[in-house]
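Below: upload_15.csv (CSV, C-alpha atoms)
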chain,number,residue,atom,x,y,z
P,173,MET,CA,321.0,-43.1,208.0
P,174,PRO,CA,323.1,-45.5,210.1
P,175,ASP,CA,321.4,-47.9,212.5
P,176,THR,CA,324.5,-48.7,214.5
P,177,ALA,CA,328.0,-47.2,215.2
P,178,ILE,CA,331.2,-49.0,216.4
P,179,ILE,CA,333.2,-47.2,219.0
P,180,PHE,CA,336.7,-48.6,219.4
P,181,ASP,CA,340.0,-48.0,221.1
P,182,CYS,CA,343.5,-49.4,220.9
P,183,GLU,CA,346.3,-49.8,223.3
P,184,PHE,CA,349.8,-49.4,221.8
P,185,LEU,CA,353.0,-50.9,223.2
P,186,CYS,CA,355.0,-48.3,225.1
P,187,LEU,CA,357.6,-47.7,227.8
P,188,GLU,CA,357.5,-45.0,230.4
P,189,GLY,CA,357.9,-41.7,228.5
P,190,SER,CA,357.4,-43.2,225.1
P,191,GLN,CA,354.5,-40.9,224.3
P,192,ARG,CA,356.4,-37.8,225.3
P,193,ARG,CA,359.3,-39.0,223.1
P,194,TYR,CA,357.0,-39.9,220.2
P,195,TRP,CA,358.4,-43.4,220.5
P,196,CYS,CA,361.8,-42.1,219.2
P,197,ALA,CA,364.2,-43.2,222.0
P,198,PRO,CA,366.5,-46.1,221.1
P,199,VAL,CA,364.8,-48.3,223.7
P,200,ASP,CA,361.3,-47.5,222.6
P,201,PRO,CA,359.3,-50.3,220.9
P,202,ASP,CA,357.4,-49.5,217.7
P,203,PRO,CA,353.9,-48.2,218.7
P,204,VAL,CA,352.1,-51.4,217.6
P,205,ILE,CA,348.8,-52.5,219.0
P,206,ALA,CA,348.5,-55.0,221.8
P,207,GLN,CA,344.7,-54.7,222.4
P,208,ILE,CA,341.6,-53.6,220.6
P,209,GLY,CA,338.3,-52.9,222.3
P,210,ALA,CA,335.1,-52.2,220.4
P,211,VAL,CA,331.4,-51.5,221.3
P,212,ARG,CA,328.4,-51.7,219.0
P,213,LEU,CA,326.0,-48.8,219.9
P,214,SER,CA,322.4,-48.7,218.5
P,215,LEU,CA,321.4,-45.4,217.0
P,216,ARG,CA,317.8,-46.3,217.2
P,217,GLY,CA,315.2,-46.7,220.0
P,218,GLU,CA,316.8,-46.5,223.5
P,219,HIS,CA,320.4,-46.5,222.1
P,220,GLU,CA,321.4,-49.7,223.7
P,221,ILE,CA,324.8,-51.2,223.8
P,222,VAL,CA,324.3,-54.2,221.5
P,223,ASP,CA,327.6,-55.9,221.8
P,224,ARG,CA,331.2,-55.5,222.8
P,225,VAL,CA,334.5,-57.2,222.2
P,226,ARG,CA,338.1,-57.1,223.6
P,227,ILE,CA,340.8,-58.5,221.4
P,228,TYR,CA,344.4,-59.2,222.5
P,229,VAL,CA,347.0,-58.8,219.8
P,230,GLN,CA,350.5,-60.4,219.8
P,231,PRO,CA,352.7,-57.3,219.2
P,232,MET,CA,355.5,-58.1,216.7
P,233,ASP,CA,358.6,-56.1,215.9
P,234,ARG,CA,359.7,-55.3,212.3
P,235,TYR,CA,361.9,-58.4,212.2
P,236,GLY,CA,359.0,-60.7,213.0
P,237,ASN,CA,359.9,-61.3,216.6
P,238,ALA,CA,357.4,-61.2,219.4
P,239,TYR,CA,357.8,-58.2,221.7
P,240,GLU,CA,358.0,-58.9,225.4
P,241,ILE,CA,355.3,-57.0,227.4
P,242,PRO,CA,357.1,-54.3,229.4
P,243,PRO,CA,356.2,-54.1,233.2
P,244,PHE,CA,355.4,-50.4,232.7
P,245,PHE,CA,352.9,-51.3,230.0
P,246,THR,CA,351.3,-53.9,232.3
P,247,ALA,CA,351.0,-51.4,235.1
P,248,LEU,CA,349.4,-48.9,232.7
P,249,THR,CA,347.0,-51.1,230.9
P,250,GLY,CA,346.6,-54.3,232.9
P,251,ILE,CA,347.7,-56.3,229.9
P,252,THR,CA,350.1,-59.1,231.0
P,253,SER,CA,352.3,-61.5,229.2
P,254,ASP,CA,349.8,-64.2,230.1
P,255,HIS,CA,347.0,-62.3,228.4
P,256,ILE,CA,349.0,-62.2,225.2
P,257,ALA,CA,350.2,-65.8,225.5
P,258,GLN,CA,346.8,-67.2,226.2
P,259,GLN,CA,344.5,-64.9,224.1
P,260,GLY,CA,346.7,-63.0,221.8
P,261,VAL,CA,346.2,-63.4,218.0
P,262,SER,CA,348.0,-62.1,215.0
P,263,LEU,CA,347.4,-58.6,213.8
P,264,ALA,CA,345.7,-59.9,210.6
P,265,SER,CA,343.4,-62.1,212.7
P,266,ALA,CA,342.6,-59.2,215.0
P,267,LEU,CA,341.7,-56.9,212.1
P,268,ALA,CA,339.5,-59.6,210.6
P,269,HIS,CA,337.7,-60.0,213.9
P,270,LEU,CA,337.2,-56.3,214.2
P,271,GLU,CA,335.8,-56.2,210.6
P,272,ARG,CA,333.3,-59.0,211.3
P,273,PHE,CA,332.3,-57.3,214.5
P,274,ALA,CA,331.7,-54.0,212.7
P,275,ALA,CA,329.6,-55.6,210.1
P,276,GLY,CA,330.0,-52.7,207.7
P,277,ALA,CA,329.3,-49.9,210.3
P,278,GLN,CA,331.4,-46.8,210.7
P,279,LEU,CA,334.2,-47.1,213.3
P,280,TRP,CA,334.8,-44.2,215.6
P,281,SER,CA,337.6,-43.6,218.1
P,282,TRP,CA,338.6,-40.8,220.4
P,283,GLY,CA,341.2,-39.3,218.1
P,284,LYS,CA,342.7,-41.3,215.3
P,285,ASP,CA,343.6,-44.7,216.7
P,286,GLU,CA,343.3,-46.2,213.3
P,287,LEU,CA,346.5,-44.6,212.2
P,288,ASN,CA,348.5,-46.7,214.7
P,289,MET,CA,346.4,-49.7,214.0
P,290,MET,CA,346.1,-49.7,210.2
P,291,ALA,CA,349.1,-47.7,209.2
P,292,ILE,CA,352.0,-48.2,211.8
P,293,SER,CA,351.0,-51.7,213.0
P,294,CYS,CA,350.3,-53.0,209.5
P,295,TYR,CA,353.5,-51.5,208.1
P,296,VAL,CA,355.7,-53.0,210.9
P,297,ALA,CA,354.0,-56.4,210.5
P,298,GLY,CA,354.1,-56.4,206.7
P,299,VAL,CA,350.4,-56.8,206.6
P,300,ALA,CA,348.2,-55.0,204.0
P,301,PRO,CA,345.6,-52.7,205.8
P,302,SER,CA,342.3,-54.6,205.5
P,303,ILE,CA,339.9,-51.8,206.4
P,304,PRO,CA,339.9,-48.7,204.3
P,305,ALA,CA,340.5,-45.3,205.9
P,306,LYS,CA,337.0,-44.0,204.9
P,307,ARG,CA,335.5,-46.6,207.4
P,308,PHE,CA,337.1,-44.7,210.3
P,309,ASP,CA,336.3,-41.3,211.8
P,310,ASN,CA,337.2,-39.2,214.9
P,311,ALA,CA,334.5,-39.4,217.7
P,312,CYS,CA,335.6,-35.9,218.8
P,313,LYS,CA,333.5,-34.6,215.9
P,314,LEU,CA,330.4,-36.2,217.4
P,315,PHE,CA,330.9,-34.4,220.6
P,316,LEU,CA,331.6,-31.1,218.9
P,317,ARG,CA,328.4,-31.5,216.9
P,318,ALA,CA,326.6,-32.2,220.2
P,319,GLY,CA,327.8,-28.9,221.6
P,320,MET,CA,330.9,-29.9,223.7
P,321,PRO,CA,333.3,-26.8,223.5
P,322,GLU,CA,336.4,-27.4,221.4
P,323,GLN,CA,338.6,-26.3,224.3
P,324,ASP,CA,337.1,-29.0,226.5
P,325,LEU,CA,337.6,-31.6,223.8
P,326,ALA,CA,341.2,-30.7,223.6
P,327,LYS,CA,341.9,-31.3,227.3
P,328,THR,CA,339.5,-34.3,228.0
P,329,ARG,CA,340.7,-37.9,227.7
P,330,SER,CA,338.4,-40.6,226.6
P,331,ASN,CA,338.3,-42.2,230.1
P,332,GLU,CA,337.3,-38.8,231.6
P,333,LEU,CA,334.1,-38.3,229.5
P,334,CYS,CA,331.7,-39.9,231.9
P,335,ARG,CA,332.9,-37.7,234.7
P,336,TYR,CA,332.8,-34.6,232.4
P,337,PHE,CA,329.1,-35.3,231.7
P,338,GLY,CA,328.2,-36.5,235.2
P,339,ILE,CA,327.2,-40.0,234.0
P,340,ASP,CA,326.9,-42.9,236.5
P,341,HIS,CA,328.5,-46.0,235.0
P,342,PRO,CA,330.1,-49.4,235.9
P,343,THR,CA,333.7,-49.2,237.1
P,344,LEU,CA,336.0,-48.7,234.2
P,345,ARG,CA,339.8,-49.0,234.0
P,346,GLY,CA,341.6,-46.3,232.1
P,347,HIS,CA,344.0,-47.5,229.4
P,348,ASP,CA,342.0,-50.7,228.8
P,349,ALA,CA,340.9,-50.6,225.2
P,350,LEU,CA,337.4,-51.9,225.8
P,351,ASP,CA,336.8,-49.8,228.9
P,352,ASP,CA,338.0,-46.6,227.1
P,353,ALA,CA,335.7,-47.5,224.2
P,354,LEU,CA,332.8,-47.9,226.7
P,355,SER,CA,333.6,-44.6,228.3
P,356,VAL,CA,333.1,-42.9,225.0
P,357,THR,CA,330.0,-45.0,224.3
P,358,TYR,CA,328.3,-44.1,227.6
P,359,ALA,CA,328.9,-40.4,226.9
P,360,LEU,CA,327.5,-40.8,223.3
P,361,GLN,CA,324.5,-42.8,224.7
P,362,HIS,CA,323.9,-40.0,227.1
P,363,LEU,CA,324.0,-37.3,224.4
P,364,LEU,CA,321.7,-39.4,222.1
P,365,LYS,CA,319.1,-39.9,224.8
P,366,ALA,CA,319.2,-36.1,225.6
P,367,ARG,CA,318.7,-35.4,221.9
P,368,LYS,CA,321.9,-33.4,221.8
P,369,SER,CA,323.4,-35.9,219.4
P,370,ARG,CA,321.4,-37.4,216.5
P,371,PRO,CA,321.8,-40.5,214.3
P,372,GLU,CA,322.5,-38.3,211.3
P,373,HIS,CA,325.6,-37.0,213.1
P,374,PHE,CA,327.1,-40.5,212.6
P,375,GLU,CA,326.9,-40.3,208.8
P,376,PRO,CA,330.5,-40.6,207.4
P,377,ALA,CA,332.1,-37.5,205.8
P,378,ILE,CA,329.7,-34.8,207.1
Kindly return the structure encoded in the file as structure tokens.
Amino acid sequence: MPDTAIIFDCEFLCLEGSQRRYWCAPVDPDPVIAQIGAVRLSLRGEHEIVDRVRIYVQPMDRYGNAYEIPPFFTALTGITSDHIAQQGVSLASALAHLERFAAGAQLWSWGKDELNMMAISCYVAGVAPSIPAKRFDNACKLFLRAGMPEQDLAKTRSNELCRYFGIDHPTLRGHDALDDALSVTYALQHLLKARKSRPEHFEPAI
């Protein structure tokens, strides 16, 4: 039975309307990651948040050129060109950092963020995916196992979970990878403490 779980989230480069267009317009950038946020949650005792990390990634296009950070993306996420210039690392370095942070624990996201991170971003960058698919899973399964109705799962965003469950929490910014990961984590922490979720729910492939 796992002792810890890693809850993570990613922010993908976009312009206004990119998501509606599935990033298919001529002006749309490739949906590569610019930020990873991750939280280590204890599945034992009082289910404390043990650690957290925010990683900025220098988004690169398929020709090896650094993407400029669009103003819309900055307004949406708070990620600026200065953040990337001063703290941004390569995709390979970011994934290595995430792997060290995870320390072998299963990685959970609200949906399947790993597909953009490990498949699209690695493909565009020409980097071999460094974390196997079996290490990732969809956190929506955890909420379903805890009794959240499937129709509510379908219409609730990660940054809306605390409001959904009536949880008091520090101020969080939507579309910040760490804050979105924290929103999911606070909700899971609430369900674990209420014994609606159990450590065995976090076993991979169940």
Within 7 Å of (319.5, -38.6, 222.1), in the coordinates the file gives, what residues turn up when you count all atoms listed in the file, written out as a PyMOL selection string? chain P and resi 362-370
Give me, please, the distance in Å between CA of Gly346 (chain P) and CA of Gly209 (chain P), quoted to one decimal. 12.3 Å
List every protein, DNA or RNA residue that has at least one atom no more than 12 Å from (361.5, -58.6, 215.0) in the file's coordinates, counting all atoms listed in the file, and write the result as a PDB file with C-alpha atoms, in the frame of the given file.
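Generated file (result28.pdb):
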ATOM      1  CA  PRO P 201     359.300 -50.300 220.900  1.00  0.00           C
ATOM      2  CA  ASP P 202     357.400 -49.500 217.700  1.00  0.00           C
ATOM      3  CA  PRO P 231     352.700 -57.300 219.200  1.00  0.00           C
ATOM      4  CA  MET P 232     355.500 -58.100 216.700  1.00  0.00           C
ATOM      5  CA  ASP P 233     358.600 -56.100 215.900  1.00  0.00           C
ATOM      6  CA  ARG P 234     359.700 -55.300 212.300  1.00  0.00           C
ATOM      7  CA  TYR P 235     361.900 -58.400 212.200  1.00  0.00           C
ATOM      8  CA  GLY P 236     359.000 -60.700 213.000  1.00  0.00           C
ATOM      9  CA  ASN P 237     359.900 -61.300 216.600  1.00  0.00           C
ATOM     10  CA  ALA P 238     357.400 -61.200 219.400  1.00  0.00           C
ATOM     11  CA  TYR P 239     357.800 -58.200 221.700  1.00  0.00           C
ATOM     12  CA  GLU P 240     358.000 -58.900 225.400  1.00  0.00           C
ATOM     13  CA  VAL P 296     355.700 -53.000 210.900  1.00  0.00           C
ATOM     14  CA  ALA P 297     354.000 -56.400 210.500  1.00  0.00           C
ATOM     15  CA  GLY P 298     354.100 -56.400 206.700  1.00  0.00           C
TER      16      GLY P 298
END
Which residue gives the smallest distance to Tyr358 (chain P) among P:Lys327, P:Lys306, P:His269, P:Arg335, with only C-alpha atoms counted?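 Looking at the shortest contact to Tyr358 (chain P), the residue is P:Arg335.
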Need to verify the contact set: region 252-262 of chain P, 12 Å, only C-alpha atoms, exclusion of same-chain residues closer than 2 positions in sequence. Can you return it as a PyMOL selection string? chain P and resi 185+204-208+226-232+236+238-250+264-269+293-294+297-299+348
Nearest candidate to Lys313 (chain P) (options P:Ala197, P:Ala300, P:Ala377, P:Leu344; using only C-alpha atoms):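 Among the listed residues, P:Ala377 lies closest to Lys313 (chain P).
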